[in-house]
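What follows is a short report on a single structure.
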Amino acid sequence: MKKSEQPKKPLLVVKIGTSTLTAGTKRISRGKLEDIARQIEILREKYSIVLVSSGAIATARQYVEVSNWNELVQSKQALSAIGQPRLMQMYSEVFNDFGLTIAQCLMTYRDFENEESRRNTLNTIDELLRHNFIPVINENDTTAVEELILGDNDKLSALVATLVNADALIIASDVDGIYDKNPHIHSDAKHITHIHDLKGLEQVVEERENGLGTGGMQSKLEAIQICFEQNVTVYLVNGGKGNFISACLDEEIPSTKFVKSD
């Protein structure tokens, strides 16, 4: 190794869903953005970090009178087009306060479908990281619709994690991980800390609609399956908790860690 070369840091992909960004409200939480930025400021000494962020439509609803908008896909696409630049502005303003610079990457599934697109995407992300920019990735909702309908970028985050050969994908949700029953329905649900085999897992997952994002537990399991196939470790953690990224890595808060058995 040449003296000018630096060993690559472990790479984390962190997926931030709408429910995490809104912190249980109907608006994007500046406090939660500050929490994320504060963690990244510390973690980047040890890790390279890529964010996959939802929240464009929720951001638009803060600025647009939505009573005349419907739930059709084209209306959601239009709201996403309105909200995405404002969301990135919020990221930029908050992260700048912590000395962090970001870069927006809008992607579609077509970017993963052929080798040239995959290579170009990977090269772009690598170059941004090399220059200490934090890629903030979202689906290009104005031209692609799958994650608008279901997923809330869960699948996208898994595809990104496998593309960049991440050491781990951290999915921020509104629960502390996987339970043997739905904890929002069953008070006696038991938390599962480590999962090494996905067989039978769907039987303990019950969907719960929260009215904000589009991602349920089923879409997260599909994302985890994508990562399992490429041996990428996945953490499912409650993004509503402070310092959730660092705390789940250090096992200081409840989370579920998915590691494929050898």
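Identifiers in this document derive from the order of the structure tokens: chains are assigned A, B, ..., residues are numbered from 1 separately in each chain, and ligands are numbered from 1 in order of occurrence.
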Compile the contact shell of Asn165 in chain A as a ChimeraX atom specification: residues with an atom at most 12 Å away, counting only C-alpha atoms, same-chain residues fewer than 6 positions apart removed.
/A:10-13,48,50,122,125-126,157-159,227,229-233
Written selection (N, CA and C atoms) as an mmCIF file, in the first residue's frame:
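Printed below is part.cif as written:
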```cif
data_model
loop_
_atom_site.group_PDB
_atom_site.id
_atom_site.type_symbol
_atom_site.label_atom_id
_atom_site.label_comp_id
_atom_site.auth_asym_id
_atom_site.auth_seq_id
_atom_site.Cartn_x
_atom_site.Cartn_y
_atom_site.Cartn_z
ATOM 1 N N PRO A 10 -15.087 0.890 7.359
ATOM 2 C CA PRO A 10 -16.322 0.121 7.221
ATOM 3 C C PRO A 10 -17.446 1.038 6.738
ATOM 4 N N LEU A 11 -18.321 0.491 5.909
ATOM 5 C CA LEU A 11 -19.366 1.300 5.289
ATOM 6 C C LEU A 11 -20.737 0.946 5.860
ATOM 7 N N LEU A 12 -21.442 1.962 6.317
ATOM 8 C CA LEU A 12 -22.802 1.802 6.829
ATOM 9 C C LEU A 12 -23.786 2.466 5.879
ATOM 10 N N VAL A 13 -24.872 1.781 5.589
ATOM 11 C CA VAL A 13 -26.013 2.401 4.924
ATOM 12 C C VAL A 13 -27.111 2.534 5.978
ATOM 13 N N SER A 48 -17.599 5.098 6.981
ATOM 14 C CA SER A 48 -18.185 5.835 5.874
ATOM 15 C C SER A 48 -19.689 5.592 5.938
ATOM 16 N N VAL A 50 -23.664 6.219 4.222
ATOM 17 C CA VAL A 50 -24.595 6.585 3.164
ATOM 18 C C VAL A 50 -25.991 6.592 3.761
ATOM 19 N N LEU A 122 -22.255 3.170 -8.543
ATOM 20 C CA LEU A 122 -21.247 2.852 -7.531
ATOM 21 C C LEU A 122 -20.084 3.839 -7.589
ATOM 22 N N ILE A 125 -21.129 7.165 -5.942
ATOM 23 C CA ILE A 125 -21.171 7.091 -4.478
ATOM 24 C C ILE A 125 -19.766 7.024 -3.903
ATOM 25 N N ASP A 126 -18.902 6.214 -4.515
ATOM 26 C CA ASP A 126 -17.518 6.109 -4.042
ATOM 27 C C ASP A 126 -16.806 7.452 -4.108
ATOM 28 N N SER A 157 -33.015 0.768 -0.024
ATOM 29 C CA SER A 157 -31.874 0.772 0.900
ATOM 30 C C SER A 157 -31.110 -0.546 0.836
ATOM 31 N N ALA A 158 -31.826 -1.652 0.666
ATOM 32 C CA ALA A 158 -31.164 -2.956 0.561
ATOM 33 C C ALA A 158 -30.372 -3.062 -0.732
ATOM 34 N N LEU A 159 -30.938 -2.565 -1.822
ATOM 35 C CA LEU A 159 -30.220 -2.594 -3.096
ATOM 36 C C LEU A 159 -28.970 -1.726 -3.040
ATOM 37 N N CYS A 227 -30.482 -8.460 1.485
ATOM 38 C CA CYS A 227 -29.179 -8.350 2.153
ATOM 39 C C CYS A 227 -28.649 -9.709 2.568
ATOM 40 N N GLU A 229 -28.953 -12.475 1.079
ATOM 41 C CA GLU A 229 -28.389 -13.168 -0.081
ATOM 42 C C GLU A 229 -26.976 -12.693 -0.402
ATOM 43 N N GLN A 230 -26.636 -11.485 0.044
ATOM 44 C CA GLN A 230 -25.305 -10.927 -0.204
ATOM 45 C C GLN A 230 -24.479 -10.818 1.079
ATOM 46 N N ASN A 231 -24.940 -11.457 2.149
ATOM 47 C CA ASN A 231 -24.220 -11.479 3.427
ATOM 48 C C ASN A 231 -23.963 -10.081 3.999
ATOM 49 N N VAL A 232 -24.948 -9.210 3.854
ATOM 50 C CA VAL A 232 -24.875 -7.884 4.472
ATOM 51 C C VAL A 232 -25.680 -7.922 5.777
ATOM 52 N N THR A 233 -25.043 -7.583 6.874
ATOM 53 C CA THR A 233 -25.712 -7.554 8.169
ATOM 54 C C THR A 233 -26.749 -6.440 8.197
#
```
Neighbouring residues of Thr256 in chain A were defined as those with any atom within 9 Å, considering only C-alpha atoms; residues of the same chain fewer than 3 positions away were excluded. Please report them as a list in words.
Asp176, Gly177, Ile178, Tyr179, His191, Ile192, Thr193, His194, Ile195, Val234, Tyr235, Leu236, Val237 and Cys248 of chain A
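Distances from A:Lys257, A:Arg119, A:His131, A:Lys181 to Leu163 in chain A were compared using only C-alpha atoms, and the smallest one belongs to A:Arg119.
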Where does DSSP see alpha helix (DSSP H) in range 5-234 of chain A, if you list the residues as a ChimeraX atom specification?
/A:18-22,30-43,56-63,73-96,115-130,146-149,154-163,217-229
Which residues are close to Ile42 in chain A, i.e. within 12 Å by only C-alpha atoms, leaving aside same-chain residues fewer than 3 positions away? Reply as a ChimeraX atom specification.
/A:35-39,45-49,98-100,243,245-246
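Residues of range 26-93 of chain A carrying a DSSP assignment of strand (DSSP E or B), computed from the backbone, are Ser48, Ile49, Val50, Leu51, Val52 and Ser53 of chain A.
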Put those residues in a file: C-alpha atoms, as a PDB file, in the first residue's frame.
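Result file follows (again_21.pdb):
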```pdb
ATOM      1  CA  SER A  48     -18.185   5.835   5.874  1.00  0.00           C
ATOM      2  CA  ILE A  49     -21.926   6.525   5.859  1.00  0.00           C
ATOM      3  CA  VAL A  50     -24.595   6.585   3.164  1.00  0.00           C
ATOM      4  CA  LEU A  51     -28.133   7.721   3.980  1.00  0.00           C
ATOM      5  CA  VAL A  52     -31.264   6.470   2.246  1.00  0.00           C
ATOM      6  CA  SER A  53     -33.965   8.929   3.227  1.00  0.00           C
TER       7      SER A  53
END
```
Write out as a ChimeraX atom specification the residues lying within 8 Å of Gly55 in chain A, counting only C-alpha atoms and excluding same-chain residues fewer than 6 positions away.
/A:17-18,21,28,83-84,87,213
Excluding same-chain residues fewer than 2 positions from range 93-97 of chain A, what lies within 8 Å of it counting only C-alpha atoms, as a ChimeraX atom specification?
/A:30,33-34,37,89-91,99-102
Take the selection from the previous step and output its residues with C-alpha atoms, as a short mmCIF file (atom, residue, chain, number, x, y, z; two decimals), in the first residue's frame.
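Just written: result_35.cif:
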```
data_model
loop_
_atom_site.label_atom_id
_atom_site.label_comp_id
_atom_site.auth_asym_id
_atom_site.auth_seq_id
_atom_site.Cartn_x
_atom_site.Cartn_y
_atom_site.Cartn_z
CA ARG A 30 -35.61 19.33 12.87
CA LEU A 33 -32.35 15.66 11.81
CA GLU A 34 -30.02 17.19 14.40
CA ALA A 37 -26.30 14.72 12.10
CA GLN A 89 -32.58 21.99 2.03
CA MET A 90 -33.45 20.95 5.58
CA TYR A 91 -30.78 18.24 5.52
CA GLY A 99 -19.68 20.56 9.61
CA LEU A 100 -21.19 17.90 7.34
CA THR A 101 -21.73 18.24 3.60
CA ILE A 102 -24.34 16.25 1.72
#
```
I need the residue nearest Gly242 in chain A from this list: A:Ile137, A:Val164, A:Ala23, A:Ile57. Use only C-alpha atoms for the distance.
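Ranking A:Ile137, A:Val164, A:Ala23, A:Ile57 by distance to Gly242 in chain A, first place goes to A:Ala23.
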Record the distance separating CA of Pro135 in chain A and CA of Cys105 in chain A, expressed in Å with one decimal.
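CA of Cys105 in chain A lies 6.5 Å from CA of Pro135 in chain A.
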With only C-alpha atoms as the atoms that count, which of A:Leu43, A:Leu221, A:Ser187, A:Leu128 lies nearest to Gly200 in chain A?
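Comparing A:Leu43, A:Leu221, A:Ser187, A:Leu128 against Gly200 in chain A, the winner is A:Leu221.
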Pick from A:Arg86, A:His186, A:Arg44, A:Lys26: nearest to Ala58 in chain A, with only C-alpha atoms counted?
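So, comparing all the options, the nearest one is A:Lys26.
Among the candidates A:Thr20, A:Gln62, A:Ser75, A:Lys155, the one nearest to Gln218 in chain A when counting only C-alpha atoms is A:Lys155.
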Atom-to-atom span, CA of Thr108 in chain A and CA of Arg61 in chain A, Å:
23.1 Å
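Pairwise distance (CA of Val64 in chain A, CA of Lys32 in chain A) equals 21.9 Å.
Closest approach to Ala161 in chain A among A:Asn123, A:Asp111, A:Ala223, A:Ser92 is made by A:Ala223 (distances from only C-alpha atoms).
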